[in-house]
Amino acid sequence: MSVQHKEDSIRGMRLERLGIQPPADWNDVEQVRAVKVKEISAECSAAIYAGVDVGESHYSLTEHDQTELLAQTQAVKEGAAAVPYHADGELCRMYPAEEFTALAQAASAHVFYHRTYCNHAFAWIARADLAELDSIKYGAELPADLAERMAAIIAAAGGGAV
């Protein structure tokens, strides 16, 4: 097996694990970009869904969890003194409004960070050549201009890195 064929096979296995069809032609920059966007998007969703730790508890952030957090946040905004919710593996309990607000803010910051990173990674992918595309992995340090822009957006939004 040639070195190039082995590298293509490894890349293909990684994509298959994510449920993504490899490009038909690894030398077609547009095909590779399209696949890279799907890869980064899937890994971003996985990072978000993995959730956050708040206090001594862990909270997953699947789409269902995010919807429930939004609904309970709205109840708090409308004046509820406490709302029902639960951490992973724990029984549902009533969260005082202040405690639930802290949880919702941590979850929101987590989602915001990962969505913002993903958006900037997409910009990186759009301008990358074939050689650089292979080095783009979720969580990799962004190029300086994109990292600076992302930091400015997060700071302007009043958040910090998660």
# chains A, B, ... in the order shown; residues from 1 in each chain; ligands from 1

$ residues_around --residues "Ala123 in chain A" --least-positions-apart "3" --cutoff "12 Å" --atoms "only C-alpha atoms" --output "JSON, numbers by chain"
{"A": [33, 36, 37, 40, 116, 117, 118, 119, 120, 126, 127, 128, 133, 136, 142, 143, 145, 146, 147, 149, 150]}

$ residues_around --residues "Glu99 in chain A" --least-positions-apart "6" --cutoff "12 Å" --atoms "only C-alpha atoms" --output "number ranges by chain"
A: 54-55, 72-73, 76, 81-85, 93, 105-106

$ atom_distance --atom1 "CA of Ser108 in chain A" --atom2 "CA of Glu43 in chain A"
17.9 Å

$ atom_distance --atom1 "CA of Glu90 in chain A" --atom2 "CA of Lys77 in chain A"
24.7 Å

$ closest_residue --among "A:Gln66, A:Ser41, A:Thr101, A:Gln74" --to "Tyr138 in chain A" --atoms "only C-alpha atoms"
A:Ser41

$ select_by_dssp --residues "chain A" --states "helix (DSSP H, G or I)" --output "compact mmCIF listing (two decimals) with N, CA, C and O atoms, in the first residue's frame"
# COMPACT_ATOMS: atom_id res chain seq x y z
N VAL A 3 2.11 5.16 0.51
CA VAL A 3 1.94 6.09 1.63
C VAL A 3 0.71 6.95 1.41
O VAL A 3 -0.10 7.14 2.32
N GLN A 4 0.52 7.46 0.18
CA GLN A 4 -0.63 8.32 -0.10
C GLN A 4 -1.94 7.55 0.08
O GLN A 4 -2.88 8.04 0.67
N HIS A 5 -2.00 6.31 -0.41
CA HIS A 5 -3.22 5.52 -0.28
C HIS A 5 -3.52 5.25 1.19
O HIS A 5 -4.66 5.29 1.62
N LYS A 6 -2.47 4.98 1.99
CA LYS A 6 -2.64 4.74 3.42
C LYS A 6 -3.18 5.99 4.12
O LYS A 6 -4.09 5.91 4.93
N GLU A 7 -2.65 7.17 3.78
CA GLU A 7 -3.14 8.42 4.37
C GLU A 7 -4.59 8.66 4.00
O GLU A 7 -5.40 9.04 4.85
N ASP A 8 -4.95 8.41 2.72
CA ASP A 8 -6.33 8.58 2.29
C ASP A 8 -7.25 7.62 3.04
O ASP A 8 -8.36 7.98 3.42
N SER A 9 -6.79 6.41 3.27
CA SER A 9 -7.58 5.41 3.98
C SER A 9 -7.82 5.85 5.43
O SER A 9 -8.92 5.74 5.94
N ILE A 10 -6.80 6.37 6.08
CA ILE A 10 -6.94 6.85 7.46
C ILE A 10 -7.91 8.02 7.52
O ILE A 10 -8.81 8.06 8.36
N ARG A 11 -7.76 8.98 6.60
CA ARG A 11 -8.70 10.11 6.55
C ARG A 11 -10.11 9.62 6.32
O ARG A 11 -11.05 10.10 6.93
N GLY A 12 -10.27 8.67 5.39
CA GLY A 12 -11.59 8.13 5.09
C GLY A 12 -12.23 7.45 6.28
O GLY A 12 -13.42 7.60 6.54
N MET A 13 -11.43 6.71 7.06
CA MET A 13 -11.96 6.05 8.26
C MET A 13 -12.44 7.07 9.28
O MET A 13 -13.46 6.89 9.92
N ARG A 14 -11.69 8.15 9.44
CA ARG A 14 -12.07 9.19 10.39
C ARG A 14 -13.41 9.80 9.97
O ARG A 14 -14.29 10.02 10.80
N LEU A 15 -13.57 10.05 8.69
CA LEU A 15 -14.82 10.62 8.20
C LEU A 15 -15.98 9.64 8.35
O LEU A 15 -17.07 10.03 8.75
N GLU A 16 -15.73 8.37 8.03
CA GLU A 16 -16.78 7.36 8.17
C GLU A 16 -17.26 7.26 9.61
O GLU A 16 -18.44 7.08 9.87
N ARG A 17 -16.34 7.40 10.57
CA ARG A 17 -16.70 7.37 11.99
C ARG A 17 -17.68 8.50 12.31
O ARG A 17 -18.55 8.36 13.16
N VAL A 29 -9.93 20.56 -4.52
CA VAL A 29 -9.99 21.41 -3.33
C VAL A 29 -11.44 21.70 -2.91
O VAL A 29 -11.73 21.74 -1.71
N GLU A 30 -12.34 21.88 -3.85
CA GLU A 30 -13.73 22.18 -3.48
C GLU A 30 -14.40 20.98 -2.83
O GLU A 30 -15.16 21.14 -1.87
N GLN A 31 -14.13 19.78 -3.33
CA GLN A 31 -14.69 18.58 -2.70
C GLN A 31 -14.14 18.41 -1.29
O GLN A 31 -14.88 18.09 -0.35
N VAL A 32 -12.85 18.60 -1.13
CA VAL A 32 -12.23 18.44 0.19
C VAL A 32 -12.75 19.52 1.14
O VAL A 32 -13.03 19.23 2.31
N ARG A 33 -12.90 20.75 0.66
CA ARG A 33 -13.47 21.80 1.52
C ARG A 33 -14.88 21.43 2.00
O ARG A 33 -15.21 21.61 3.17
N ALA A 34 -15.71 20.95 1.08
CA ALA A 34 -17.08 20.58 1.44
C ALA A 34 -17.10 19.49 2.51
O ALA A 34 -17.88 19.55 3.47
N VAL A 35 -16.23 18.51 2.38
CA VAL A 35 -16.15 17.44 3.36
C VAL A 35 -15.60 17.99 4.68
O VAL A 35 -16.07 17.64 5.76
N LYS A 36 -14.60 18.87 4.61
CA LYS A 36 -14.01 19.44 5.83
C LYS A 36 -15.05 20.25 6.60
O LYS A 36 -15.10 20.20 7.83
N VAL A 37 -15.91 20.98 5.90
CA VAL A 37 -16.98 21.73 6.56
C VAL A 37 -17.91 20.77 7.31
O VAL A 37 -18.28 21.02 8.46
N LYS A 38 -18.28 19.66 6.67
CA LYS A 38 -19.13 18.67 7.34
C LYS A 38 -18.44 18.09 8.56
O LYS A 38 -19.06 17.88 9.61
N GLU A 39 -17.15 17.80 8.43
CA GLU A 39 -16.37 17.24 9.55
C GLU A 39 -16.33 18.21 10.73
O GLU A 39 -16.62 17.83 11.87
N ILE A 40 -15.99 19.44 10.46
CA ILE A 40 -15.90 20.45 11.53
C ILE A 40 -17.27 20.69 12.16
O ILE A 40 -17.40 20.81 13.38
N SER A 41 -18.30 20.72 11.34
CA SER A 41 -19.65 20.91 11.84
C SER A 41 -20.06 19.78 12.77
O SER A 41 -20.62 20.01 13.86
N ALA A 42 -19.78 18.53 12.38
CA ALA A 42 -20.12 17.38 13.22
C ALA A 42 -19.36 17.42 14.54
O ALA A 42 -19.92 17.14 15.60
N GLU A 43 -18.09 17.80 14.48
CA GLU A 43 -17.29 17.85 15.71
C GLU A 43 -17.71 19.01 16.60
O GLU A 43 -17.66 18.90 17.83
N CYS A 44 -18.15 20.10 16.00
CA CYS A 44 -18.68 21.23 16.77
C CYS A 44 -19.94 20.80 17.53
O CYS A 44 -20.08 21.06 18.72
N SER A 45 -20.84 20.15 16.82
CA SER A 45 -22.07 19.67 17.47
C SER A 45 -21.74 18.72 18.62
O SER A 45 -22.33 18.82 19.70
N ALA A 46 -20.78 17.81 18.40
CA ALA A 46 -20.40 16.88 19.45
C ALA A 46 -19.83 17.61 20.66
O ALA A 46 -20.13 17.26 21.81
N ALA A 47 -19.02 18.64 20.43
CA ALA A 47 -18.45 19.42 21.54
C ALA A 47 -19.56 20.15 22.31
O ALA A 47 -19.51 20.21 23.54
N ILE A 48 -20.52 20.67 21.59
CA ILE A 48 -21.65 21.35 22.26
C ILE A 48 -22.47 20.34 23.06
O ILE A 48 -22.75 20.54 24.23
N TYR A 49 -22.85 19.25 22.40
CA TYR A 49 -23.69 18.24 23.06
C TYR A 49 -23.00 17.65 24.29
O TYR A 49 -23.68 17.23 25.23
N ALA A 50 -21.68 17.60 24.30
CA ALA A 50 -20.94 17.07 25.45
C ALA A 50 -21.27 17.85 26.72
O ALA A 50 -21.22 17.30 27.81
N GLU A 63 -29.69 19.10 21.50
CA GLU A 63 -30.71 20.06 21.04
C GLU A 63 -31.90 20.07 21.99
O GLU A 63 -32.45 21.13 22.30
N HIS A 64 -32.32 18.88 22.44
CA HIS A 64 -33.43 18.80 23.39
C HIS A 64 -33.10 19.55 24.68
O HIS A 64 -33.92 20.31 25.20
N ASP A 65 -31.89 19.33 25.19
CA ASP A 65 -31.47 20.02 26.42
C ASP A 65 -31.48 21.53 26.23
O ASP A 65 -31.93 22.27 27.11
N GLN A 66 -30.97 21.99 25.09
CA GLN A 66 -30.93 23.43 24.83
C GLN A 66 -32.34 24.01 24.76
O GLN A 66 -32.59 25.11 25.28
N THR A 67 -33.25 23.29 24.14
CA THR A 67 -34.65 23.75 24.06
C THR A 67 -35.25 23.86 25.45
O THR A 67 -35.92 24.85 25.78
N GLU A 68 -35.02 22.86 26.28
CA GLU A 68 -35.54 22.88 27.64
C GLU A 68 -34.92 24.01 28.46
O GLU A 68 -35.62 24.70 29.21
N LEU A 69 -33.63 24.23 28.30
CA LEU A 69 -32.98 25.35 29.00
C LEU A 69 -33.60 26.68 28.60
O LEU A 69 -33.85 27.54 29.45
N LEU A 70 -33.87 26.85 27.31
CA LEU A 70 -34.49 28.10 26.86
C LEU A 70 -35.89 28.27 27.45
O LEU A 70 -36.26 29.38 27.87
N ALA A 71 -36.65 27.20 27.48
CA ALA A 71 -38.00 27.28 28.04
C ALA A 71 -37.96 27.65 29.52
O ALA A 71 -38.72 28.53 29.98
N GLN A 72 -37.07 27.02 30.26
CA GLN A 72 -36.99 27.31 31.70
C GLN A 72 -36.39 28.70 31.94
O GLN A 72 -36.77 29.38 32.90
N THR A 73 -35.48 29.13 31.08
CA THR A 73 -34.94 30.49 31.20
C THR A 73 -36.05 31.51 31.00
O THR A 73 -36.12 32.52 31.72
N GLN A 74 -36.93 31.25 30.04
CA GLN A 74 -38.06 32.15 29.81
C GLN A 74 -38.96 32.20 31.05
O GLN A 74 -39.42 33.27 31.44
N ALA A 75 -39.19 31.05 31.68
CA ALA A 75 -40.01 31.03 32.89
C ALA A 75 -39.38 31.88 33.99
O ALA A 75 -40.07 32.63 34.69
N VAL A 76 -38.06 31.80 34.12
CA VAL A 76 -37.36 32.63 35.12
C VAL A 76 -37.51 34.10 34.77
O VAL A 76 -37.79 34.94 35.64
N LYS A 77 -37.34 34.45 33.49
CA LYS A 77 -37.50 35.84 33.06
C LYS A 77 -38.90 36.36 33.33
O LYS A 77 -39.09 37.55 33.57
N ALA A 97 -34.20 30.43 40.92
CA ALA A 97 -33.97 31.25 39.72
C ALA A 97 -32.51 31.65 39.56
O ALA A 97 -31.95 31.58 38.45
N GLU A 98 -31.87 32.06 40.63
CA GLU A 98 -30.47 32.50 40.55
C GLU A 98 -29.55 31.36 40.13
O GLU A 98 -28.67 31.53 39.29
N GLU A 99 -29.75 30.19 40.70
CA GLU A 99 -28.94 29.03 40.35
C GLU A 99 -29.19 28.60 38.90
O GLU A 99 -28.25 28.29 38.16
N PHE A 100 -30.45 28.60 38.49
CA PHE A 100 -30.76 28.22 37.12
C PHE A 100 -30.20 29.23 36.13
O PHE A 100 -29.69 28.84 35.08
N THR A 101 -30.25 30.50 36.46
CA THR A 101 -29.69 31.53 35.58
C THR A 101 -28.19 31.31 35.39
O THR A 101 -27.69 31.44 34.28
N ALA A 102 -27.48 30.96 36.45
CA ALA A 102 -26.04 30.69 36.33
C ALA A 102 -25.80 29.48 35.42
O ALA A 102 -24.89 29.50 34.58
N LEU A 103 -26.61 28.44 35.55
CA LEU A 103 -26.50 27.28 34.68
C LEU A 103 -26.76 27.67 33.23
O LEU A 103 -26.00 27.32 32.32
N ALA A 104 -27.84 28.41 32.99
CA ALA A 104 -28.20 28.82 31.63
C ALA A 104 -27.12 29.71 31.02
O ALA A 104 -26.81 29.58 29.83
N GLN A 105 -26.52 30.57 31.82
CA GLN A 105 -25.44 31.43 31.30
C GLN A 105 -24.21 30.60 30.94
O GLN A 105 -23.58 30.84 29.91
N ALA A 106 -23.86 29.61 31.75
CA ALA A 106 -22.72 28.74 31.44
C ALA A 106 -23.00 27.93 30.16
O ALA A 106 -22.12 27.81 29.30
N ALA A 107 -24.20 27.43 30.03
CA ALA A 107 -24.57 26.66 28.84
C ALA A 107 -24.54 27.56 27.60
O ALA A 107 -24.01 27.16 26.56
N SER A 108 -25.07 28.75 27.73
CA SER A 108 -25.10 29.68 26.61
C SER A 108 -23.68 30.06 26.19
O SER A 108 -23.38 30.12 24.99
N ALA A 109 -22.81 30.31 27.14
CA ALA A 109 -21.42 30.66 26.83
C ALA A 109 -20.72 29.49 26.12
O ALA A 109 -19.95 29.70 25.18
N HIS A 110 -21.01 28.29 26.56
CA HIS A 110 -20.43 27.09 25.95
C HIS A 110 -20.87 26.97 24.48
O HIS A 110 -20.03 26.79 23.58
N VAL A 111 -22.15 27.09 24.23
CA VAL A 111 -22.68 27.00 22.87
C VAL A 111 -22.13 28.13 22.02
O VAL A 111 -21.67 27.93 20.89
N PHE A 112 -22.14 29.36 22.56
CA PHE A 112 -21.65 30.53 21.82
C PHE A 112 -20.19 30.36 21.42
O PHE A 112 -19.81 30.61 20.28
N TYR A 113 -19.36 29.91 22.35
CA TYR A 113 -17.95 29.72 22.06
C TYR A 113 -17.77 28.73 20.90
O TYR A 113 -17.04 29.01 19.94
N HIS A 114 -18.42 27.58 20.99
CA HIS A 114 -18.22 26.55 19.97
C HIS A 114 -18.81 26.96 18.62
O HIS A 114 -18.19 26.71 17.58
N ARG A 115 -19.95 27.61 18.60
CA ARG A 115 -20.53 28.08 17.33
C ARG A 115 -19.64 29.16 16.71
O ARG A 115 -19.45 29.19 15.49
N THR A 116 -19.09 30.03 17.53
CA THR A 116 -18.22 31.09 17.02
C THR A 116 -16.92 30.49 16.48
O THR A 116 -16.45 30.86 15.40
N TYR A 117 -16.36 29.53 17.22
CA TYR A 117 -15.16 28.85 16.73
C TYR A 117 -15.46 28.16 15.40
O TYR A 117 -14.68 28.27 14.44
N CYS A 118 -16.56 27.47 15.32
CA CYS A 118 -16.93 26.74 14.11
C CYS A 118 -17.06 27.71 12.92
O CYS A 118 -16.55 27.44 11.83
N ASN A 119 -17.70 28.83 13.14
CA ASN A 119 -17.85 29.84 12.09
C ASN A 119 -16.50 30.32 11.59
O ASN A 119 -16.27 30.46 10.38
N HIS A 120 -15.57 30.55 12.50
CA HIS A 120 -14.23 31.00 12.12
C HIS A 120 -13.44 29.87 11.44
O HIS A 120 -12.66 30.13 10.52
N ALA A 121 -13.67 28.64 11.87
CA ALA A 121 -13.03 27.50 11.20
C ALA A 121 -13.53 27.39 9.76
O ALA A 121 -12.76 27.09 8.85
N PHE A 122 -14.81 27.66 9.54
CA PHE A 122 -15.35 27.64 8.18
C PHE A 122 -14.66 28.70 7.31
O PHE A 122 -14.37 28.45 6.14
N ALA A 123 -14.40 29.88 7.88
CA ALA A 123 -13.69 30.92 7.12
C ALA A 123 -12.28 30.45 6.79
O ALA A 123 -11.77 30.72 5.68
N TRP A 124 -11.64 29.76 7.71
CA TRP A 124 -10.30 29.21 7.48
C TRP A 124 -10.34 28.18 6.35
O TRP A 124 -9.51 28.20 5.44
N ILE A 125 -11.33 27.30 6.40
CA ILE A 125 -11.48 26.27 5.37
C ILE A 125 -11.67 26.92 3.99
O ILE A 125 -11.07 26.47 3.01
N ALA A 126 -12.47 27.96 3.93
CA ALA A 126 -12.77 28.61 2.65
C ALA A 126 -11.55 29.19 1.96
O ALA A 126 -11.51 29.29 0.74
N ARG A 127 -10.54 29.52 2.74
CA ARG A 127 -9.35 30.13 2.13
C ARG A 127 -8.14 29.19 2.08
O ARG A 127 -7.12 29.55 1.52
N LEU A 130 -5.18 22.81 -0.47
CA LEU A 130 -5.27 21.39 -0.14
C LEU A 130 -4.33 20.97 0.99
O LEU A 130 -4.73 20.22 1.87
N ALA A 131 -3.10 21.45 0.95
CA ALA A 131 -2.13 21.06 1.98
C ALA A 131 -2.59 21.53 3.36
O ALA A 131 -2.48 20.79 4.34
N GLU A 132 -3.12 22.72 3.44
CA GLU A 132 -3.55 23.27 4.73
C GLU A 132 -4.85 22.62 5.20
O GLU A 132 -5.05 22.42 6.41
N LEU A 133 -5.74 22.27 4.28
CA LEU A 133 -7.02 21.68 4.66
C LEU A 133 -6.85 20.43 5.51
O LEU A 133 -7.59 20.23 6.47
N ALA A 144 -3.82 33.58 13.08
CA ALA A 144 -3.78 34.78 13.93
C ALA A 144 -4.92 35.75 13.66
O ALA A 144 -5.56 36.24 14.60
N ASP A 145 -5.20 36.06 12.39
CA ASP A 145 -6.25 37.04 12.10
C ASP A 145 -7.62 36.53 12.54
O ASP A 145 -8.42 37.29 13.11
N LEU A 146 -7.90 35.25 12.34
CA LEU A 146 -9.19 34.70 12.74
C LEU A 146 -9.27 34.57 14.27
O LEU A 146 -10.33 34.81 14.86
N ALA A 147 -8.18 34.18 14.90
CA ALA A 147 -8.16 34.08 16.36
C ALA A 147 -8.40 35.45 17.00
O ALA A 147 -9.16 35.57 17.97
N GLU A 148 -7.79 36.48 16.43
CA GLU A 148 -7.98 37.84 16.96
C GLU A 148 -9.44 38.29 16.79
O GLU A 148 -10.03 38.85 17.70
N ARG A 149 -9.99 38.00 15.63
CA ARG A 149 -11.39 38.39 15.38
C ARG A 149 -12.33 37.63 16.32
O ARG A 149 -13.27 38.22 16.87
N MET A 150 -12.09 36.34 16.51
CA MET A 150 -12.93 35.56 17.39
C MET A 150 -12.84 36.07 18.84
O MET A 150 -13.86 36.20 19.52
N ALA A 151 -11.64 36.35 19.29
CA ALA A 151 -11.45 36.88 20.65
C ALA A 151 -12.19 38.20 20.82
O ALA A 151 -12.80 38.44 21.86
N ALA A 152 -12.17 39.05 19.80
CA ALA A 152 -12.85 40.34 19.87
C ALA A 152 -14.37 40.14 19.96
O ALA A 152 -15.05 40.84 20.73
N ILE A 153 -14.90 39.19 19.21
CA ILE A 153 -16.34 38.93 19.24
C ILE A 153 -16.75 38.40 20.60
O ILE A 153 -17.75 38.83 21.18
N ILE A 154 -15.99 37.46 21.12
CA ILE A 154 -16.31 36.89 22.43
C ILE A 154 -16.23 37.97 23.51
O ILE A 154 -17.10 38.07 24.37
N ALA A 155 -15.21 38.81 23.44
CA ALA A 155 -15.07 39.90 24.42
C ALA A 155 -16.24 40.88 24.30
O ALA A 155 -16.80 41.31 25.31
N ALA A 156 -16.61 41.22 23.07
CA ALA A 156 -17.71 42.17 22.86
C ALA A 156 -19.03 41.60 23.37
O ALA A 156 -19.90 42.34 23.83

$ select_by_dssp --residues "chain A" --states "strand (DSSP E or B)" --output "list in words"
Val52, Asp53, Val54, Ser57, His58, Tyr59, Ala82, Val83, Pro84, Tyr85, Arg93, Met94, Tyr95 and Pro96 of chain A

$ write_last_selection --atoms "N, CA and C atoms" --output "PDB file, in the first residue's frame"
ATOM      1  N   VAL A  52     -21.556  20.988  29.728  1.00  0.00           N
ATOM      2  CA  VAL A  52     -20.751  21.791  30.647  1.00  0.00           C
ATOM      3  C   VAL A  52     -20.858  21.249  32.068  1.00  0.00           C
ATOM      4  N   ASP A  53     -19.836  21.567  32.841  1.00  0.00           N
ATOM      5  CA  ASP A  53     -19.864  21.296  34.271  1.00  0.00           C
ATOM      6  C   ASP A  53     -20.186  22.614  34.969  1.00  0.00           C
ATOM      7  N   VAL A  54     -21.159  22.562  35.845  1.00  0.00           N
ATOM      8  CA  VAL A  54     -21.507  23.722  36.659  1.00  0.00           C
ATOM      9  C   VAL A  54     -21.583  23.220  38.093  1.00  0.00           C
ATOM     10  N   SER A  57     -21.883  19.296  39.116  1.00  0.00           N
ATOM     11  CA  SER A  57     -22.754  18.522  38.240  1.00  0.00           C
ATOM     12  C   SER A  57     -22.414  18.763  36.776  1.00  0.00           C
ATOM     13  N   HIS A  58     -22.776  17.783  35.947  1.00  0.00           N
ATOM     14  CA  HIS A  58     -22.561  17.893  34.512  1.00  0.00           C
ATOM     15  C   HIS A  58     -23.915  17.986  33.812  1.00  0.00           C
ATOM     16  N   TYR A  59     -23.958  18.822  32.783  1.00  0.00           N
ATOM     17  CA  TYR A  59     -25.179  19.042  32.022  1.00  0.00           C
ATOM     18  C   TYR A  59     -24.882  18.871  30.536  1.00  0.00           C
ATOM     19  N   ALA A  82     -38.470  29.496  40.942  1.00  0.00           N
ATOM     20  CA  ALA A  82     -37.707  28.261  40.764  1.00  0.00           C
ATOM     21  C   ALA A  82     -38.296  27.509  39.570  1.00  0.00           C
ATOM     22  N   VAL A  83     -37.437  26.702  38.927  1.00  0.00           N
ATOM     23  CA  VAL A  83     -37.885  25.903  37.778  1.00  0.00           C
ATOM     24  C   VAL A  83     -37.331  24.486  37.895  1.00  0.00           C
ATOM     25  N   PRO A  84     -38.061  23.500  37.351  1.00  0.00           N
ATOM     26  CA  PRO A  84     -37.569  22.124  37.395  1.00  0.00           C
ATOM     27  C   PRO A  84     -36.520  21.876  36.319  1.00  0.00           C
ATOM     28  N   TYR A  85     -35.464  21.162  36.703  1.00  0.00           N
ATOM     29  CA  TYR A  85     -34.433  20.769  35.744  1.00  0.00           C
ATOM     30  C   TYR A  85     -33.601  19.682  36.403  1.00  0.00           C
ATOM     31  N   ARG A  93     -35.051  18.341  39.998  1.00  0.00           N
ATOM     32  CA  ARG A  93     -35.289  19.078  41.238  1.00  0.00           C
ATOM     33  C   ARG A  93     -35.633  20.515  40.869  1.00  0.00           C
ATOM     34  N   MET A  94     -36.065  21.264  41.820  1.00  0.00           N
ATOM     35  CA  MET A  94     -36.376  22.674  41.592  1.00  0.00           C
ATOM     36  C   MET A  94     -35.089  23.490  41.767  1.00  0.00           C
ATOM     37  N   TYR A  95     -34.774  24.250  40.744  1.00  0.00           N
ATOM     38  CA  TYR A  95     -33.607  25.130  40.772  1.00  0.00           C
ATOM     39  C   TYR A  95     -34.078  26.541  41.091  1.00  0.00           C
ATOM     40  N   PRO A  96     -33.560  27.145  42.157  1.00  0.00           N
ATOM     41  CA  PRO A  96     -33.888  28.546  42.402  1.00  0.00           C
ATOM     42  C   PRO A  96     -33.472  29.373  41.175  1.00  0.00           C
TER      43      PRO A  96
END

$ atom_distance --atom1 "CA of Gly51 in chain A" --atom2 "CA of Ala140 in chain A"
19.3 Å

$ closest_residue --among "A:Asp129, A:Glu56, A:Glu78, A:Asp88" --to "Asp28 in chain A" --atoms "only C-alpha atoms"
A:Asp129

$ decode --residues "range 110-117 of chain A" --atoms "all heavy atoms" --output "short mmCIF file (atom, residue, chain, number, x, y, z; two decimals), in the first residue's frame"
data_model
loop_
_atom_site.label_atom_id
_atom_site.label_comp_id
_atom_site.auth_asym_id
_atom_site.auth_seq_id
_atom_site.Cartn_x
_atom_site.Cartn_y
_atom_site.Cartn_z
N HIS A 110 -21.01 28.29 26.56
CA HIS A 110 -20.43 27.09 25.95
C HIS A 110 -20.87 26.97 24.48
O HIS A 110 -20.03 26.79 23.58
CB HIS A 110 -20.88 25.86 26.74
CG HIS A 110 -20.39 24.56 26.23
ND1 HIS A 110 -19.11 24.11 26.42
CD2 HIS A 110 -21.02 23.59 25.51
CE1 HIS A 110 -18.96 22.92 25.85
NE2 HIS A 110 -20.11 22.58 25.29
N VAL A 111 -22.15 27.09 24.23
CA VAL A 111 -22.68 27.00 22.87
C VAL A 111 -22.13 28.13 22.02
O VAL A 111 -21.67 27.93 20.89
CB VAL A 111 -24.22 27.00 22.87
CG1 VAL A 111 -24.77 27.10 21.44
CG2 VAL A 111 -24.76 25.75 23.57
N PHE A 112 -22.14 29.36 22.56
CA PHE A 112 -21.65 30.53 21.82
C PHE A 112 -20.19 30.36 21.42
O PHE A 112 -19.81 30.61 20.28
CB PHE A 112 -21.83 31.79 22.67
CG PHE A 112 -21.29 33.03 22.03
CD1 PHE A 112 -21.90 33.57 20.90
CD2 PHE A 112 -20.18 33.66 22.55
CE1 PHE A 112 -21.39 34.71 20.30
CE2 PHE A 112 -19.66 34.81 21.96
CZ PHE A 112 -20.27 35.33 20.83
N TYR A 113 -19.36 29.91 22.35
CA TYR A 113 -17.95 29.72 22.06
C TYR A 113 -17.77 28.73 20.90
O TYR A 113 -17.04 29.01 19.94
CB TYR A 113 -17.18 29.22 23.29
CG TYR A 113 -15.75 28.88 22.96
CD1 TYR A 113 -14.77 29.86 22.93
CD2 TYR A 113 -15.40 27.58 22.61
CE1 TYR A 113 -13.46 29.55 22.57
CE2 TYR A 113 -14.09 27.26 22.26
CZ TYR A 113 -13.13 28.25 22.24
OH TYR A 113 -11.84 27.95 21.88
N HIS A 114 -18.42 27.58 20.99
CA HIS A 114 -18.22 26.55 19.97
C HIS A 114 -18.81 26.96 18.62
O HIS A 114 -18.19 26.71 17.58
CB HIS A 114 -18.77 25.20 20.44
CG HIS A 114 -17.88 24.57 21.45
ND1 HIS A 114 -16.69 23.96 21.11
CD2 HIS A 114 -17.98 24.50 22.79
CE1 HIS A 114 -16.10 23.52 22.21
NE2 HIS A 114 -16.86 23.83 23.24
N ARG A 115 -19.95 27.61 18.60
CA ARG A 115 -20.53 28.08 17.33
C ARG A 115 -19.64 29.16 16.71
O ARG A 115 -19.45 29.19 15.49
CB ARG A 115 -21.95 28.61 17.53
CG ARG A 115 -22.96 27.55 17.80
CD ARG A 115 -23.29 26.79 16.54
NE ARG A 115 -24.20 25.71 16.84
CZ ARG A 115 -24.09 24.49 16.36
NH1 ARG A 115 -23.13 24.19 15.52
NH2 ARG A 115 -24.94 23.57 16.68
N THR A 116 -19.09 30.03 17.53
CA THR A 116 -18.22 31.09 17.02
C THR A 116 -16.92 30.49 16.48
O THR A 116 -16.45 30.86 15.40
CB THR A 116 -17.93 32.13 18.12
OG1 THR A 116 -19.18 32.65 18.59
CG2 THR A 116 -17.08 33.28 17.60
N TYR A 117 -16.36 29.53 17.22
CA TYR A 117 -15.16 28.85 16.73
C TYR A 117 -15.46 28.16 15.40
O TYR A 117 -14.68 28.27 14.44
CB TYR A 117 -14.65 27.83 17.76
CG TYR A 117 -13.47 27.05 17.23
CD1 TYR A 117 -12.17 27.54 17.37
CD2 TYR A 117 -13.64 25.85 16.55
CE1 TYR A 117 -11.08 26.85 16.85
CE2 TYR A 117 -12.57 25.16 16.03
CZ TYR A 117 -11.29 25.66 16.17
OH TYR A 117 -10.23 24.98 15.65
#
